[in-house]
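Input: a single structure, listed below in structure tokens.
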Amino acid sequence: MDYPEIDKYASIDSPIHNFDPRAKIITFMVMIFSFVFLDTITKALVGLGIASLIYIIAKLPKAFVIHRLKVVFLFLFPLLIIMPLSVDGQAIAQYHSITITLEGFQYSFLVIIRALSAVTLALIMLGTTRFDITIKALYMLKVPGTLIQMLMFTYRYIFVIIDEFQRMWKAMESKGFKLKANRYGLSVLGNMIGMLIIKSYDRAQRVYHSMISKGYTGNPRTIVNFELRTKDYAIALSMILIALLMHTYHLVL
Amino acid sequence: MHISDGVLSPAVITAGWAITVLLLLATLWWGKKDVDIAEEIPKISVMTGAFFVASLIHVSIGPTSVHLVLNGLLGVVLGTLAYPAIFIGLVLQALLFQHGGITSIGINVINMGIPALIVYGIFKKGYSTGINPSILGIICGSMATMLSAIMLAIVLISTGEEFTEVAYAAAAANIPIMIIEGILTGSVVTFLLKVRPELLPINKEK
Amino acid sequence: MKEAIRVKELTYSYPDGTPALEDIDITINEGEKIVIVGPNGAGKTTLFLHLNGTLKSQDNTVMIFGKNLGDMKVEERIKEVGIVFQDPDDQLFMPTIFDDVAFGPINMGLDEEEVKNRVKKALSRVGLEGFEDRVPHNLSYGQKKRAALAAVLSMEPRILILDEPTANLDPKSRADLIQVINDLNKDGITTVIAMHDVNALPLLSDRVYVLNRKIVGEGNPREIFSNSELLKMTHLEAPDVFKMFKVLTCFGYDCDTLPMSIDEAVEFLTRTIESGSGHIHLHLHEHTHEEVRKFLHSYNHH
Amino acid sequence: MKEAIRVKELTYSYPDGTPALEDIDITINEGEKIVIVGPNGAGKTTLFLHLNGTLKSQDNTVMIFGKNLGDMKVEERIKEVGIVFQDPDDQLFMPTIFDDVAFGPINMGLDEEEVKNRVKKALSRVGLEGFEDRVPHNLSYGQKKRAALAAVLSMEPRILILDEPTANLDPKSRADLIQVINDLNKDGITTVIAMHDVNALPLLSDRVYVLNRKIVGEGNPREIFSNSELLKMTHLEAPDVFKMFKVLTCFGYDCDTLPMSIDEAVEFLTRTIESGSGHIHLHLHEHTHEEVRKFLHSYNHH
Ligand SMILES: Nc1ncnc2c1ncn2[C@@H]1O[C@H](COP(=O)(O)OP(=O)(O)OP(=O)(O)O)[C@@H](O)[C@H]1O
Ligand SMILES: Nc1ncnc2c1ncn2[C@@H]1O[C@H](COP(=O)(O)OP(=O)(O)OP(=O)(O)O)[C@@H](O)[C@H]1O
Ligand SMILES: [Mg+2]
Ligand SMILES: [Mg+2]
């Protein structure tokens with residue numbers, strides 16, 4: 001079980017890293033929503049191209065992105081097999097009653113490319129800002145405070161609980177336990193998860209105590225210093241324009 | 001069982017977000033009258049953290065391994081708060097681990113969250129009619145997974161008929177997970193019942 | 001002298017029926033250095049939760065500087081009483097150390113400039129200057145403990161309550177923390193500490209309460225540790241230096257008060273030598289070993 | 001004498017790049033009583049995770065009774081090495097104490113009769129007879145600690161590894177646990193303990209390794225605690241009794257070896273008195289206070 005290390009490279013210096021976090025979130029979200037709705041393979045490929053370009057500007061290490069893209073690709077890979085067989089359309093190969101169609105291929109290809117460009121953009125957005133700053137930027141963007149606080153605290157406690165679970169797991173293993181998907185294995189795992197829930201429930205109680213002893217009333221209050229500069233407006237505007245043009249260029253041209 | 005970016009149509013994505021926002025309002029802001037939000041926030045957060053971590057566990061079946069879903073258990077333990085908890089959990093899974101897309105968070109939360117709410121009702125009802133909680137746990141665990149799989153299929157089909165077979169395949173792939181989730185949820189419920197029954201939605205007055 | 005804390009007839013059971021506190025009476029003056037000891041499950045943590053209003057008590061059972069705690073506004077209360085719990089992971093719930101230390105001051109409604117000032121001061125107090133941007137998860141246990149203390153110091157409370165501050169620390173971190181707490185007390189802050197670490201106790205207390213659901217003992221550390229019946233009843237032990245000197249008295253060392261810490265021991269030895277014949281004689285007399293055995297046995301829980 | 005544990009040139013970094021162990025060489029003989037000390041984050045827990053195979057090391061870096069740990073089957077390994085971690089709540093997750101203590105033996109594939117036997121024996125060993133049906137979660141902290149120990153003892157390991165066994169215990173529970181561990185060692189079980197509790201250290205060790213990513217010191221407790229440079233470097237302190245006697249030497253107490261515990265102190269005092277002139281003279285000489293100051297300073301981390 002690994003720690004989430006999405007912001008491992010947030011301290012690199014690049015134009016994307018220096019982009020104001022609020023503007024970054026808005027810009028990238030617009031782009032992501034724009035690119036996942038592109039309706040032809042050509043447009044989707046242009047989208048992926050743009051995402052790759054931004055990736056190069058962001059100077060993030062290759063392994064960071066490739067590793068995560070691979071996971072998404074493997075997840076979607078079955079589409080490439082099922083859809084050509086199942087979607088009706090022009091046959092490009094036939095074997096007895098099994099037909100492989102061009103449309104099926106195209107459709108699955110389109111989905112995968114859209115997904116890859118969306119994930120690339122998301123990785124750049126998240127990978128170039130410390131995660132706590134991303135959350136604070138969301139707060140500045142008027143995402144409801146209750147959700148912001150839950151995101152913040154959950155993020156913090158994921159690390160604590162991963163450690164806790166690791167310790168439990170090691171204790172189990174050192175008593176000769178191996179997890180298998182049988183009744184015994186699952187029932188022991190069930191006990192472990194039950195224990196994790198109990199411990200977390202008690203911890204929640206203690207966290208609550210320590211919060212109210214610091215005057216907590218349920219309202220989020222943080223100090224954040226972000227400053228939007230002309231440069232940020234310029235980058236944001238041009239990127240959003242590109243995102244919109246991908247869908248409307250035929251009206252403009 | 002999370003849907004990635006780039007799969008769903010604009011209409012489905014929009015509908016997904018709209019329904020999720022409404023349900024969040026209903027489950028979170030609605031209850032604000034009766035409960036102290038200052039107490040609920042740390043509780044949901046830490047519990048979400050626990051479920052998030054538990055869902056990172058791989059169970060290997062045959063040559064592949066599956067991640068746990070645990071939405072049935074979430075429903076049983078957290079009740080209506082399971083919905084915001086699943087929302088926060090899925091947002092973090094999408095942002096931190098790229099499990100599920102960002103644009104499809106709305107839909108994914110519906111797919112996981114609504115079964116959790118249903119199962120919560122079933123557990124409470126079933127307990128008050130005297131059904132053994134461990135068996136209820138098995139039912140709730142597998143039923144939540146099954147409902148999620150069915151909803152997943154419906155969502156995929158409604159985004160485009162190209163996805164019909166994919167939807168069937170995805171639903172079928174969830175059958176072993178359903179069994180695992182059932183046994184697991186049953187044993188967690190059994191454990192909690194022995195060690196900390198007050199964490200389960202069972203009112204002893206009855 | 002002003003009364004900082006007054007608890008009167010406090011009784012508390014948890015909602016599930018577990019009785020935790022019974023008829024507690026405590027009076028602590030401003031500037032005092034108090035330790036509360038008692039076996040696992042004695043109710044120390046429960047008592048602390050009452051002192052800062054986390055657990056509600058009836059009117060006028062808990063008074064802080066003469067005011068009924070229940071009547072105090074949150075902002076007022078946290079200016080008076082700060083509490084540091086045992087597990088630092090429960091108290092560092094924000095994404096960075098800065099956010100954590102700023103959390104209290106922000107809730108007090110202070111302006112940004114003042115908040116930053118306070119964070120800086122609190123961090124330098126515990127020796128964590130420059131840790132503002134660090135993530136709690138990457139700190140060592142000792143550093144986390146100190147950060148949790150800073151997060152309470154930033155509210156500049158007049159009463160500081162600490163639950164097992166020295167547990168799990170390596171000896172240096174433990175010594176550092178004791179130093180920090182003593183410095184704070186010298187600056188006029190009333191400190192109230194619960195702990196099992198009897199060897200650190202004399203360094204952190206002028207006066208001790210022994211809790212075991214009720215208050216079963218009260219006095220200065222020397223009085224408490226001389227009462228071997230009390231110690232036995234409450235799973236306590238005396239500090240090693242104290243026990244050591246008790247042994248020395250069996251060897252003929254003659255003094256009325258036993259030292260509790262090394263520093264005190266040096267002082268006492270010097271005083272005895274200077275006021276007496278210029279030296280101390282240790283020798284074996286008839287009963288030495290029997291006395292030692294008897295004494296050690298009285299401390300032995302087996 | 002047989003070699004129980006042999007670690008040779010063990011180096012380990014966590015997957016995230018944190019270096020935790022560097023070139024560790026350790027040899028522990030059967031029946032020895034070993035303590036490993038070192039500051040927070042020194043790598044003690046990491047080392048222990050290698051000793052029971054949870055973290056994998058290269059071939060022949062960790063040998064248990066002459067066998068390469070990597071080649072041992074799980075059933076074989078857990079029969080040789082049992083490890084008890086710090087937080088008992090991490091280790092007790094079965095619905096009853098019986099289930100927890102039976103967990104290891106069941107995984108070893110023993111038959112029901114034997115499992116029951118082992119549970120009974122292990123529980124009586126730690127003084128928890130009759131607790132079979134209790135829910136671990138409802139026990140006191142000290143009882144939980146002992147239950148966690150029983151859950152490992154039931155596998156009847158020849159080597160017992162304990163990570164901070166005394167932390168968070170009240171003084172009586174601490175004394176009880178020390179007794180249990182010593183009894184086990186007397187029965188021939190090799191015990192290896194990591195801890196910060198220097199006052200308990202002499203009771204639990206014949207030999208000490210000082211770890212700070214590397215092995216930076218090794219010797220009997222007396223040697224380790226006499227090396228003030230080493231102590232300073234590794235955030236350690238000497239036990240209070242040891243420090244106390246060091247102070248006494250400044251007052252003219254003449255002996256070559258300083259005691260580490262009260263019992264030892266009684267013995268040493270008696271021996272010095274009997275072998276010498278029939279008594280010990282403590283007096284102030286010219287340099288007494290300077291010596292004391294210098295000595296205490298050498299131990300002072302500030
Ligand atoms: N939330 C709770 N619900 C029910 N009982 C509780 C709760 N918290 C504590 N208790 C019980 O109340 C009693 C007092 O517990 P408390 O934590 O105050 O003891 P303590 O003196 O702090 O112990 P320790 O030295 O182990 O920290 C114990 O019997 C404990 O089991
Ligand atoms: N899972 C992990 N991933 C990365 N680094 C880790 C992990 N576990 C421990 N570390 C780091 O490895 C080093 C050694 O840790 P370890 O827990 O072995 O220390 P320790 O001597 O047991 O400390 P303590 O006395 O505080 O228990 C520390 O710097 C720690 O932060
Ligand atoms: Mg306590
Ligand atoms: Mg450790």
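Identifiers in the structure tokens: chain A, B, ... in order shown; residue index from 1 per chain; ligand index from 1 in order shown.
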Within 7 Å of stretch 148-166 of chain A, which residues of stretch 19-95 of chain B show up? Give each one with its shortest atom-to-atom distance in Å (one decimal) and the two atoms involved, counting only C-alpha atoms, rows by chain then rising residue number, as JSON lines.
{"residue": "B:Ile41", "atom": "CA", "partner": "A:Met150", "partner_atom": "CA", "distance": 6.1}
{"residue": "B:Ser45", "atom": "CA", "partner": "A:Thr154", "partner_atom": "CA", "distance": 4.6}
{"residue": "B:Val46", "atom": "CA", "partner": "A:Thr154", "partner_atom": "CA", "distance": 5.8}
{"residue": "B:Thr48", "atom": "CA", "partner": "A:Thr154", "partner_atom": "CA", "distance": 6.5}
{"residue": "B:Gly49", "atom": "CA", "partner": "A:Ile158", "partner_atom": "CA", "distance": 4.9}
{"residue": "B:Ala50", "atom": "CA", "partner": "A:Ile161", "partner_atom": "CA", "distance": 6.3}
{"residue": "B:Val53", "atom": "CA", "partner": "A:Ile162", "partner_atom": "CA", "distance": 6.1}
{"residue": "B:Ile88", "atom": "CA", "partner": "A:Leu151", "partner_atom": "CA", "distance": 6.2}
Within 9 Å of chain D: residues of chain B, using only C-alpha atoms, as a PyMOL selection string: chain B and resi 190-192+194-196
Chain B residues near chain A (7 Å cut-off, only C-alpha atoms) as number ranges by chain: B: 4-7, 10, 37-39, 41-43, 45-50, 53-54, 56, 59-61, 88, 96-97, 103, 162, 165-166, 183-185, 187-188, 191-192
For the residues in that selection, give me N, CA, C and O atoms as a tab-separated table (two decimals), in the first residue's frame.
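Okay, this is what ended up in part36.tsv:
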chain	number	residue	atom	x	y	z
B	4	SER	N	-14.11	5.96	-16.02
B	4	SER	CA	-13.04	6.91	-16.30
B	4	SER	C	-13.58	8.14	-17.02
B	4	SER	O	-14.72	8.18	-17.45
B	5	ASP	N	-12.67	9.13	-17.17
B	5	ASP	CA	-12.98	10.27	-18.02
B	5	ASP	C	-13.09	9.80	-19.46
B	5	ASP	O	-12.47	8.81	-19.85
B	6	GLY	N	-13.87	10.52	-20.24
B	6	GLY	CA	-13.87	10.27	-21.68
B	6	GLY	C	-14.85	9.20	-22.11
B	6	GLY	O	-14.99	8.95	-23.31
B	7	VAL	N	-15.51	8.54	-21.18
B	7	VAL	CA	-16.43	7.47	-21.55
B	7	VAL	C	-17.86	8.01	-21.72
B	7	VAL	O	-18.54	7.71	-22.70
B	10	PRO	N	-22.02	14.00	-22.53
B	10	PRO	CA	-22.24	15.23	-21.77
B	10	PRO	C	-23.52	15.17	-20.95
B	10	PRO	O	-23.54	15.62	-19.79
B	37	ILE	N	-22.66	20.08	13.25
B	37	ILE	CA	-21.79	19.86	12.09
B	37	ILE	C	-20.32	19.83	12.51
B	37	ILE	O	-19.50	19.14	11.92
B	38	ALA	N	-20.00	20.57	13.59
B	38	ALA	CA	-18.62	20.59	14.07
B	38	ALA	C	-18.19	19.21	14.55
B	38	ALA	O	-17.02	18.87	14.54
B	39	GLU	N	-19.16	18.37	14.96
B	39	GLU	CA	-18.81	17.03	15.39
B	39	GLU	C	-18.83	16.07	14.20
B	39	GLU	O	-18.05	15.12	14.14
B	41	ILE	N	-18.11	16.70	11.02
B	41	ILE	CA	-17.02	16.84	10.04
B	41	ILE	C	-15.81	15.97	10.38
B	41	ILE	O	-15.38	15.17	9.55
B	42	PRO	N	-15.26	16.07	11.61
B	42	PRO	CA	-14.14	15.16	11.89
B	42	PRO	C	-14.55	13.69	11.81
B	42	PRO	O	-13.76	12.86	11.38
B	43	LYS	N	-15.78	13.38	12.19
B	43	LYS	CA	-16.20	11.98	12.15
B	43	LYS	C	-16.23	11.46	10.71
B	43	LYS	O	-15.63	10.43	10.41
B	45	SER	N	-14.72	12.68	8.20
B	45	SER	CA	-13.38	12.73	7.59
B	45	SER	C	-12.53	11.52	7.99
B	45	SER	O	-11.95	10.86	7.12
B	46	VAL	N	-12.45	11.26	9.29
B	46	VAL	CA	-11.58	10.17	9.72
B	46	VAL	C	-12.14	8.82	9.24
B	46	VAL	O	-11.39	7.96	8.77
B	47	MET	N	-13.46	8.66	9.31
B	47	MET	CA	-14.05	7.40	8.84
B	47	MET	C	-13.84	7.24	7.34
B	47	MET	O	-13.55	6.14	6.86
B	48	THR	N	-13.99	8.32	6.59
B	48	THR	CA	-13.73	8.24	5.16
B	48	THR	C	-12.29	7.81	4.92
B	48	THR	O	-12.01	6.99	4.05
B	49	GLY	N	-11.38	8.37	5.73
B	49	GLY	CA	-9.99	7.98	5.62
B	49	GLY	C	-9.83	6.47	5.81
B	49	GLY	O	-9.12	5.81	5.05
B	50	ALA	N	-10.52	5.93	6.80
B	50	ALA	CA	-10.41	4.49	7.07
B	50	ALA	C	-10.93	3.67	5.89
B	50	ALA	O	-10.29	2.70	5.46
B	53	VAL	N	-8.55	3.84	2.95
B	53	VAL	CA	-7.39	2.96	3.11
B	53	VAL	C	-7.80	1.49	2.90
B	53	VAL	O	-7.13	0.75	2.19
B	54	ALA	N	-8.95	1.11	3.48
B	54	ALA	CA	-9.39	-0.28	3.32
B	54	ALA	C	-9.64	-0.61	1.86
B	54	ALA	O	-9.42	-1.73	1.41
B	56	LEU	N	-7.96	0.28	-0.52
B	56	LEU	CA	-6.71	0.10	-1.26
B	56	LEU	C	-6.21	-1.34	-1.16
B	56	LEU	O	-5.23	-1.71	-1.80
B	59	VAL	N	-7.34	-7.92	-3.06
B	59	VAL	CA	-7.56	-9.34	-2.78
B	59	VAL	C	-7.33	-10.05	-4.10
B	59	VAL	O	-7.93	-9.70	-5.12
B	60	SER	N	-6.43	-11.06	-4.09
B	60	SER	CA	-6.18	-11.69	-5.38
B	60	SER	C	-7.12	-12.87	-5.57
B	60	SER	O	-7.29	-13.70	-4.68
B	61	ILE	N	-7.77	-12.87	-6.73
B	61	ILE	CA	-8.57	-14.04	-7.10
B	61	ILE	C	-8.03	-14.54	-8.42
B	61	ILE	O	-8.04	-13.81	-9.41
B	88	ILE	N	-16.39	12.33	-0.84
B	88	ILE	CA	-15.03	12.74	-0.50
B	88	ILE	C	-14.04	11.64	-0.89
B	88	ILE	O	-12.99	11.90	-1.48
B	96	LEU	N	-5.91	11.62	-6.28
B	96	LEU	CA	-4.63	11.11	-5.79
B	96	LEU	C	-4.15	9.87	-6.54
B	96	LEU	O	-2.97	9.67	-6.73
B	97	PHE	N	-5.11	9.02	-6.95
B	97	PHE	CA	-4.69	7.75	-7.54
B	97	PHE	C	-5.23	7.53	-8.96
B	97	PHE	O	-5.02	6.48	-9.54
B	103	THR	N	-14.28	14.09	-14.35
B	103	THR	CA	-15.57	14.55	-14.86
B	103	THR	C	-16.68	13.58	-14.46
B	103	THR	O	-17.83	13.98	-14.36
B	162	GLU	N	-23.51	1.86	-28.06
B	162	GLU	CA	-22.24	1.18	-28.33
B	162	GLU	C	-21.75	0.43	-27.09
B	162	GLU	O	-20.96	-0.50	-27.18
B	165	GLU	N	-22.68	-4.09	-24.76
B	165	GLU	CA	-21.94	-5.31	-24.41
B	165	GLU	C	-20.90	-5.03	-23.33
B	165	GLU	O	-20.65	-5.84	-22.44
B	166	VAL	N	-20.27	-3.83	-23.43
B	166	VAL	CA	-19.30	-3.45	-22.40
B	166	VAL	C	-19.98	-3.44	-21.04
B	166	VAL	O	-19.43	-3.92	-20.04
B	183	ILE	N	-19.06	-11.71	1.89
B	183	ILE	CA	-18.41	-12.41	3.00
B	183	ILE	C	-17.70	-11.41	3.91
B	183	ILE	O	-17.79	-11.47	5.14
B	184	LEU	N	-17.00	-10.47	3.29
B	184	LEU	CA	-16.21	-9.52	4.05
B	184	LEU	C	-17.12	-8.63	4.92
B	184	LEU	O	-16.87	-8.47	6.12
B	185	THR	N	-18.15	-8.07	4.31
B	185	THR	CA	-19.05	-7.21	5.08
B	185	THR	C	-19.70	-8.01	6.21
B	185	THR	O	-19.81	-7.51	7.34
B	187	SER	N	-18.39	-10.45	7.84
B	187	SER	CA	-17.48	-10.69	8.95
B	187	SER	C	-17.15	-9.40	9.69
B	187	SER	O	-16.94	-9.42	10.90
B	188	VAL	N	-17.13	-8.28	8.97
B	188	VAL	CA	-16.91	-7.00	9.68
B	188	VAL	C	-18.08	-6.75	10.63
B	188	VAL	O	-17.90	-6.37	11.78
B	191	PHE	N	-17.90	-8.89	13.64
B	191	PHE	CA	-16.85	-8.38	14.54
B	191	PHE	C	-17.35	-7.17	15.31
B	191	PHE	O	-17.22	-7.10	16.53
B	192	LEU	N	-17.92	-6.21	14.60
B	192	LEU	CA	-18.39	-4.99	15.26
B	192	LEU	C	-19.48	-5.32	16.28
B	192	LEU	O	-19.54	-4.73	17.35
Shell of 7 Å around ligand 1 (only C-alpha atoms and all ligand atoms), written as an NGL selection string: (:C and (14-16 or 18-20 or 38-47)) or (:D and (141 or 170))
Resulting file, chosen residues, N, CA, C and O atoms, as a PDB file, in the first residue's frame:
ATOM      1  N   TYR C  14     -19.665   7.983  31.560  1.00  0.00           N
ATOM      2  CA  TYR C  14     -19.830   8.042  30.110  1.00  0.00           C
ATOM      3  C   TYR C  14     -21.232   7.579  29.739  1.00  0.00           C
ATOM      4  O   TYR C  14     -21.854   6.823  30.496  1.00  0.00           O
ATOM      5  N   PRO C  15     -21.713   8.034  28.569  1.00  0.00           N
ATOM      6  CA  PRO C  15     -23.074   7.678  28.156  1.00  0.00           C
ATOM      7  C   PRO C  15     -23.351   6.174  28.218  1.00  0.00           C
ATOM      8  O   PRO C  15     -24.461   5.754  28.492  1.00  0.00           O
ATOM      9  N   ASP C  16     -22.331   5.351  27.995  1.00  0.00           N
ATOM     10  CA  ASP C  16     -22.560   3.904  28.040  1.00  0.00           C
ATOM     11  C   ASP C  16     -22.619   3.367  29.470  1.00  0.00           C
ATOM     12  O   ASP C  16     -22.726   2.167  29.682  1.00  0.00           O
ATOM     13  N   THR C  18     -20.175   3.680  31.884  1.00  0.00           N
ATOM     14  CA  THR C  18     -18.894   3.556  32.591  1.00  0.00           C
ATOM     15  C   THR C  18     -18.703   4.725  33.550  1.00  0.00           C
ATOM     16  O   THR C  18     -18.674   5.868  33.125  1.00  0.00           O
ATOM     17  N   PRO C  19     -18.583   4.449  34.851  1.00  0.00           N
ATOM     18  CA  PRO C  19     -18.308   5.562  35.765  1.00  0.00           C
ATOM     19  C   PRO C  19     -16.842   5.957  35.626  1.00  0.00           C
ATOM     20  O   PRO C  19     -15.955   5.102  35.628  1.00  0.00           O
ATOM     21  N   ALA C  20     -16.571   7.243  35.449  1.00  0.00           N
ATOM     22  CA  ALA C  20     -15.189   7.654  35.217  1.00  0.00           C
ATOM     23  C   ALA C  20     -14.672   8.562  36.319  1.00  0.00           C
ATOM     24  O   ALA C  20     -13.517   8.471  36.715  1.00  0.00           O
ATOM     25  N   GLY C  38      -2.119   8.412  38.344  1.00  0.00           N
ATOM     26  CA  GLY C  38      -3.134   7.397  38.604  1.00  0.00           C
ATOM     27  C   GLY C  38      -2.991   6.300  37.579  1.00  0.00           C
ATOM     28  O   GLY C  38      -2.429   6.510  36.514  1.00  0.00           O
ATOM     29  N   PRO C  39      -3.481   5.104  37.912  1.00  0.00           N
ATOM     30  CA  PRO C  39      -3.302   3.959  37.001  1.00  0.00           C
ATOM     31  C   PRO C  39      -4.011   4.156  35.666  1.00  0.00           C
ATOM     32  O   PRO C  39      -4.804   5.066  35.505  1.00  0.00           O
ATOM     33  N   ASN C  40      -3.717   3.272  34.699  1.00  0.00           N
ATOM     34  CA  ASN C  40      -4.428   3.281  33.424  1.00  0.00           C
ATOM     35  C   ASN C  40      -5.923   3.208  33.694  1.00  0.00           C
ATOM     36  O   ASN C  40      -6.377   2.381  34.470  1.00  0.00           O
ATOM     37  N   GLY C  41      -6.680   4.097  33.066  1.00  0.00           N
ATOM     38  CA  GLY C  41      -8.133   4.060  33.243  1.00  0.00           C
ATOM     39  C   GLY C  41      -8.641   4.782  34.477  1.00  0.00           C
ATOM     40  O   GLY C  41      -9.808   4.648  34.841  1.00  0.00           O
ATOM     41  N   ALA C  42      -7.779   5.566  35.123  1.00  0.00           N
ATOM     42  CA  ALA C  42      -8.174   6.224  36.373  1.00  0.00           C
ATOM     43  C   ALA C  42      -9.127   7.391  36.145  1.00  0.00           C
ATOM     44  O   ALA C  42      -9.816   7.826  37.058  1.00  0.00           O
ATOM     45  N   GLY C  43      -9.136   7.940  34.935  1.00  0.00           N
ATOM     46  CA  GLY C  43     -10.020   9.073  34.661  1.00  0.00           C
ATOM     47  C   GLY C  43      -9.282  10.380  34.421  1.00  0.00           C
ATOM     48  O   GLY C  43      -9.904  11.438  34.352  1.00  0.00           O
ATOM     49  N   LYS C  44      -7.968  10.318  34.244  1.00  0.00           N
ATOM     50  CA  LYS C  44      -7.184  11.542  34.053  1.00  0.00           C
ATOM     51  C   LYS C  44      -7.626  12.286  32.796  1.00  0.00           C
ATOM     52  O   LYS C  44      -7.911  13.485  32.823  1.00  0.00           O
ATOM     53  N   THR C  45      -7.687  11.551  31.699  1.00  0.00           N
ATOM     54  CA  THR C  45      -8.082  12.181  30.444  1.00  0.00           C
ATOM     55  C   THR C  45      -9.510  12.718  30.536  1.00  0.00           C
ATOM     56  O   THR C  45      -9.802  13.820  30.071  1.00  0.00           O
ATOM     57  N   THR C  46     -10.378  11.955  31.176  1.00  0.00           N
ATOM     58  CA  THR C  46     -11.769  12.394  31.346  1.00  0.00           C
ATOM     59  C   THR C  46     -11.835  13.702  32.130  1.00  0.00           C
ATOM     60  O   THR C  46     -12.577  14.620  31.778  1.00  0.00           O
ATOM     61  N   LEU C  47     -11.046  13.796  33.185  1.00  0.00           N
ATOM     62  CA  LEU C  47     -11.013  15.025  33.969  1.00  0.00           C
ATOM     63  C   LEU C  47     -10.587  16.206  33.097  1.00  0.00           C
ATOM     64  O   LEU C  47     -11.195  17.277  33.119  1.00  0.00           O
TER      65      LEU C  47
ATOM     66  N   TYR D 141      -5.058  -1.085  29.308  1.00  0.00           N
ATOM     67  CA  TYR D 141      -3.897  -1.023  28.422  1.00  0.00           C
ATOM     68  C   TYR D 141      -2.831  -2.052  28.797  1.00  0.00           C
ATOM     69  O   TYR D 141      -2.297  -2.748  27.932  1.00  0.00           O
ATOM     70  N   ASP D 170       1.247   2.055  33.244  1.00  0.00           N
ATOM     71  CA  ASP D 170       1.441   2.618  34.575  1.00  0.00           C
ATOM     72  C   ASP D 170       2.539   1.814  35.282  1.00  0.00           C
ATOM     73  O   ASP D 170       2.878   0.702  34.865  1.00  0.00           O
TER      74      ASP D 170
END
9 Å contacts from chain D to chain C using only C-alpha atoms, as a PyMOL selection string: chain D and resi 38-41+140-142+164+167-173+175-176+195-199+232+234-237+239-241+243-244+247-248+251+261-263+265-266+269-270+273-274+278-284+289+292+296+300-302
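If only C-alpha atoms and all ligand atoms are the atoms counted, then among A:Thr248, A:Arg167, A:Lys178, A:Leu45 the closest residue to ligand 4 is A:Arg167.
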Residue list (strand (DSSP E), DSSP) for stretch 49-249 of chain A, as number ranges by chain: A: 91-95, 98-101
